[in-house]
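What follows is the content of input.cif, which has mmCIF, C-alpha atoms:
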```cif
data_input
#
loop_
_atom_site.label_atom_id
_atom_site.label_comp_id
_atom_site.auth_asym_id
_atom_site.auth_seq_id
_atom_site.Cartn_x
_atom_site.Cartn_y
_atom_site.Cartn_z
CA MET A 26 89.15 135.38 99.70
CA SER A 27 88.06 133.82 96.41
CA LYS A 28 86.74 130.29 96.08
CA ILE A 29 89.98 129.29 94.30
CA ASP A 30 92.06 130.63 97.19
CA ILE A 31 89.81 128.85 99.71
CA ASP A 32 90.14 125.57 97.80
CA LYS A 33 93.94 125.94 97.66
CA LYS A 34 94.09 126.63 101.40
CA LYS A 35 92.00 123.52 102.08
CA GLN A 36 94.37 121.46 99.93
CA VAL A 37 97.41 122.78 101.80
CA ILE A 38 95.82 122.10 105.19
CA GLY A 39 94.81 118.62 104.00
CA LEU A 40 98.36 117.81 102.89
CA PHE A 41 99.74 119.19 106.15
CA GLY A 42 97.44 116.97 108.21
CA GLU A 43 98.23 113.90 106.13
CA MET A 44 101.99 114.49 106.46
CA GLN A 45 101.72 114.88 110.24
CA LEU A 46 99.69 111.70 110.40
CA ALA A 47 102.15 109.81 108.19
CA MET A 48 105.06 110.79 110.46
CA ASN A 49 103.07 109.79 113.54
CA LEU A 50 102.30 106.38 112.08
CA HIS A 51 105.91 105.92 110.94
CA GLU A 52 107.13 106.55 114.49
CA ARG A 53 104.79 103.78 115.61
CA GLY A 54 106.40 101.32 113.21
CA TRP A 55 103.92 101.45 110.33
CA GLN A 56 104.94 101.70 106.70
CA VAL A 57 102.68 104.28 105.06
CA HIS A 58 101.62 103.85 101.42
CA ARG A 59 99.58 106.31 99.38
CA ALA A 60 97.60 105.51 96.24
CA TYR A 61 98.40 107.25 92.94
CA ILE A 62 94.67 107.60 92.40
CA ASP A 63 92.66 108.32 95.54
CA GLU A 64 89.26 106.62 95.46
CA GLY A 65 88.28 107.04 99.11
CA ILE A 66 91.16 105.29 100.87
CA ASP A 67 93.97 107.80 101.48
CA PHE A 68 96.57 105.59 103.18
CA ILE A 69 97.31 101.89 103.28
CA ILE A 70 99.55 101.11 106.24
CA THR A 71 101.40 97.86 106.81
CA LYS A 72 103.29 96.15 109.60
CA TYR A 73 104.92 92.76 110.02
CA TRP A 74 103.22 90.23 112.30
CA CYS A 75 104.51 86.99 113.79
CA PRO A 76 101.70 84.37 113.93
CA CYS A 77 103.72 82.31 116.40
CA CYS A 78 104.52 85.06 118.91
CA ASN A 79 101.23 86.91 118.27
CA LEU A 80 103.24 90.13 118.12
CA TYR A 81 104.12 92.83 115.66
CA SER A 82 107.77 92.37 114.76
CA ASN A 83 110.59 93.84 112.75
CA GLN A 84 112.37 91.66 110.25
CA LEU A 85 115.32 89.85 111.79
CA LEU A 86 118.69 91.26 110.73
CA ARG A 87 121.27 88.50 110.47
CA TYR A 88 125.01 88.90 109.92
CA ASP A 89 126.75 86.24 107.83
CA ASP A 90 130.30 85.81 106.66
CA TYR A 91 130.74 86.61 102.98
CA LYS A 92 134.14 86.70 101.33
CA GLY A 93 135.82 87.17 104.67
CA ALA A 94 133.56 90.00 105.82
CA SER A 95 130.51 90.21 108.05
CA VAL A 96 127.56 91.15 105.83
CA LYS A 97 124.09 92.23 106.93
CA CYS A 98 121.25 90.07 105.67
CA VAL A 99 117.60 91.10 105.97
CA THR A 100 115.37 88.07 106.55
CA ASN A 101 111.60 87.66 106.74
CA LEU A 102 111.93 86.02 110.15
CA CYS A 103 110.50 87.34 113.40
CA GLU A 104 113.05 89.27 115.46
CA HIS A 105 111.57 87.75 118.65
CA CYS A 106 111.53 84.00 118.01
CA GLN A 107 113.97 84.29 115.08
CA GLU A 108 112.45 81.34 113.25
CA THR A 109 108.87 82.14 112.14
CA GLU A 110 108.10 83.69 108.75
CA LEU A 111 106.34 87.04 109.15
CA ASN A 112 102.96 87.99 107.73
CA VAL A 113 102.03 91.48 106.53
CA ILE A 114 99.10 93.16 108.28
CA SER A 115 97.34 95.89 106.28
CA LYS A 116 94.99 98.61 107.51
CA TYR A 117 93.12 101.16 105.38
CA LEU A 118 92.66 104.80 106.36
CA GLN A 119 90.57 107.66 105.14
CA VAL A 120 91.90 111.00 106.38
CA LYS A 121 90.28 114.44 106.64
CA THR A 122 91.79 117.64 108.05
CA SER A 123 90.05 120.84 109.12
CA GLU A 124 91.05 124.19 110.69
CA GLY A 125 87.50 125.01 111.72
CA ILE A 126 86.31 128.57 112.26
CA PRO A 127 87.06 130.94 115.19
CA THR A 128 84.59 131.57 118.00
CA ASN A 129 84.36 134.40 120.53
CA ASP A 130 86.86 132.46 122.62
CA SER A 131 90.28 132.41 120.91
CA SER A 132 91.05 129.01 122.48
CA ILE A 133 87.98 127.34 120.91
CA ARG A 134 87.05 126.67 117.29
CA ASP A 135 83.95 125.21 115.64
CA PHE A 136 84.44 122.35 113.19
CA SER A 137 81.89 121.05 110.71
CA PHE A 138 82.20 117.29 111.07
CA HIS A 139 80.77 114.40 109.11
CA PRO A 140 82.57 111.10 108.58
CA LYS A 141 83.21 110.55 104.89
CA ILE A 142 83.02 106.77 105.27
CA ARG A 143 79.39 106.43 106.27
CA TYR A 144 79.02 102.67 106.49
CA ASP A 145 80.62 99.70 108.21
CA MET A 146 83.59 98.53 106.14
CA GLY A 147 84.96 95.98 108.61
CA HIS A 148 87.63 95.84 111.29
CA ASN A 149 90.53 97.00 109.11
CA VAL A 150 89.10 100.29 107.77
CA PHE A 151 89.54 103.43 109.85
CA TYR A 152 88.62 107.08 109.62
CA ILE A 153 91.09 109.61 111.01
CA TRP A 154 89.82 113.14 111.45
CA ILE A 155 92.37 115.86 112.21
CA ALA A 156 91.59 119.19 113.91
CA VAL A 157 94.30 121.82 113.39
CA PHE A 158 95.07 124.72 115.76
CA GLU A 159 97.73 127.42 115.80
CA ASN A 160 100.57 126.74 118.23
CA ASP A 161 100.49 128.96 121.35
CA ASN A 162 104.29 129.14 121.36
CA GLU A 163 105.23 132.68 120.31
CA ASP A 164 108.60 131.47 119.00
CA THR A 165 107.06 129.37 116.26
CA GLN A 166 104.35 129.67 113.64
CA SER A 167 103.71 125.94 113.62
CA LYS A 168 100.34 124.26 113.95
CA ILE A 169 99.12 121.57 116.31
CA CYS A 170 97.22 118.52 115.10
CA HIS A 171 94.67 116.67 117.19
CA PHE A 172 93.89 113.19 115.84
CA TYR A 173 90.58 111.38 116.32
CA VAL A 174 90.85 107.73 115.33
CA PHE A 175 87.88 105.47 114.92
CA ASN A 176 86.85 102.37 113.05
CA THR A 177 83.97 102.59 110.59
CA LYS A 178 82.04 100.37 113.02
CA ASP A 179 82.09 103.25 115.53
CA VAL A 180 80.07 105.70 113.43
CA ASP A 181 76.69 104.69 114.86
CA ARG A 182 77.91 105.82 118.29
CA PHE A 183 77.49 109.46 117.25
CA ASP A 184 75.32 109.39 114.09
CA ASN A 185 71.97 107.86 113.18
CA THR A 186 73.09 105.59 110.34
CA SER A 187 69.64 104.00 110.10
CA LEU A 188 68.16 107.03 108.33
CA PRO A 189 67.41 106.26 104.66
CA THR A 190 68.92 109.67 103.77
CA TYR A 191 72.12 109.12 105.74
CA GLN A 192 74.29 108.54 102.67
CA ILE A 193 73.61 112.10 101.43
CA THR A 194 76.94 113.89 101.86
CA ASP A 195 75.68 116.90 103.84
CA ASN A 196 73.11 115.04 105.88
CA GLN A 197 73.70 114.95 109.66
CA LYS A 198 76.68 117.29 109.67
CA THR A 199 77.64 118.03 113.24
CA THR A 200 79.34 121.14 114.62
CA LEU A 201 82.06 119.96 116.99
CA ARG A 202 83.28 122.65 119.37
CA ILE A 203 86.88 121.85 120.29
CA ASN A 204 89.41 123.63 122.49
CA LYS A 205 93.15 123.95 121.87
CA ASN A 206 93.83 120.89 124.01
CA GLY A 207 91.79 118.78 121.59
CA LYS A 208 88.82 118.28 123.91
CA VAL A 209 85.42 118.08 122.22
CA LEU A 210 83.09 120.27 124.29
CA ASN A 211 79.74 119.09 122.86
CA GLN A 212 77.44 117.57 125.45
CA GLY A 213 75.06 116.03 122.93
CA VAL A 214 71.34 115.40 123.26
CA LYS A 215 70.63 112.17 121.42
CA TYR A 216 74.29 111.18 121.08
CA ASP A 217 77.08 111.45 123.62
CA TYR A 218 80.11 113.07 122.02
CA SER A 219 82.31 112.20 125.00
CA CYS A 220 83.45 109.19 122.95
CA PHE A 221 85.62 111.59 120.94
CA ASN A 222 87.58 112.41 124.10
CA GLU A 223 87.48 109.05 125.83
CA ASP A 224 87.82 106.58 122.96
CA PHE A 225 88.94 108.35 119.78
CA TYR A 226 91.37 111.10 120.77
CA ASN A 227 94.92 110.16 119.69
CA ASN A 228 93.86 106.52 120.06
CA PHE A 229 96.33 104.97 117.63
CA GLU A 230 96.24 101.80 119.70
CA LYS A 231 92.85 101.12 118.10
CA ILE A 232 94.66 100.55 114.78
CA GLU A 233 97.12 98.16 116.44
CA GLN A 234 94.38 95.78 117.61
#
```
Would you write the structure of this file as structure tokens?
Amino acid sequence: MSKIDIDKKKQVIGLFGEMQLAMNLHERGWQVHRAYIDEGIDFIITKYWCPCCNLYSNQLLRYDDYKGASVKCVTNLCEHCQETELNVISKYLQVKTSEGIPTNDSSIRDFSFHPKIRYDMGHNVFYIWIAVFENDNEDTQSKICHFYVFNTKDVDRFDNTSLPTYQITDNQKTTLRINKNGKVLNQGVKYDYSCFNEDFYNNFEKIEQ
């Protein structure tokens, strides 16, 4: 396979992962926005928040009489208390998708992993890494996505960010060995990669906080 073909395949896999992520976030009530020009942040996601109820909320739908008919009116009021103006909460996501490479065990693949955001960018910036596997179902050719969700503050749990060379793109790349169930099998020597299974795997609640 030529380098051009490899690059095209990576682009297709990347778009596939981003679309699966966008649908997942949409089902959780987030509006997903994508920049025309990508400069590191792939998605901006937003949700309405009621400062009075301390809850995420949909906009209250009100029905008023207009010219003898009941007409739907979309307000910016909380659907819970029905009186407080909603705020917009924004979160910022960088997304990377990988298919990895096969191993001797068909149920396990090796993934070259390195977070692309390599510094603390605050509580509202997240990195979502997606590992893609073929579906075991013989009736479909679909793929399965495993999502690992972490805040940029979490990076020092599995990487030595204090190294002066840490910002070099290929420095400290880690091979993550992952099975089809999405479990990271690495035991780790200096760093404990169990955080990928216990704290990051499909942990979309982290974004909600």
Expected selection from the PyMOL selection byres ((chain A and resi 147) around 9), given as a PyMOL selection string: chain A and resi 145-146+148-151+176-178
With distances taken over all atoms listed in the file, which residue among A:Asn222, A:Lys205, A:Asp179, A:Thr199 lies nearest A:Glu159? A:Lys205
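The nearest approach to A:His171 among the residues A:Phe183, A:Phe229, A:Phe68, A:Tyr88, with all atoms listed in the file taken into account, belongs to A:Phe229.
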Could you list the residues chosen by the PyMOL selection byres ((chain A and resi 71) around 6) in this structure as a ChimeraX atom specification? /A:55-56,70,72,114-115
Could I get the residues of stretch 52-82 of chain A with an atom no further than 10 Å from an atom of stretch 118-132 of chain A, each paired with its nearest atom pair and that distance in Å to one decimal, using all atoms listed in the file, sorted by chain and residue number, as CSV?
```
residue,atom,partner,partner_atom,distance
A:Arg59,CA,A:Leu118,CA,9.9
A:Asp63,CA,A:Gln119,CA,9.8
A:Glu64,CA,A:Gln119,CA,9.8
A:Gly65,CA,A:Gln119,CA,6.5
A:Ile66,CA,A:Gln119,CA,4.9
A:Asp67,CA,A:Gln119,CA,5.0
A:Phe68,CA,A:Leu118,CA,5.1
A:Ile69,CA,A:Leu118,CA,6.3
A:Ile70,CA,A:Leu118,CA,7.8
```
Polymer residues at most 9 Å from (85.3, 120.2, 114.6) by only C-alpha atoms, as a PyMOL selection string: chain A and resi 123-126+134-138+154-156+199-203+209
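Distances to A:His139 were evaluated for A:Val180, A:Leu188, A:Val113, A:Val57 using all atoms listed in the file, and the minimum falls at A:Val180.
Relative to atom CA of A:Lys208, atom CA of A:Lys168 is found at 16.4 Å.
One finds atom CA of A:Tyr61 at 26.2 Å from atom CA of A:Trp74.
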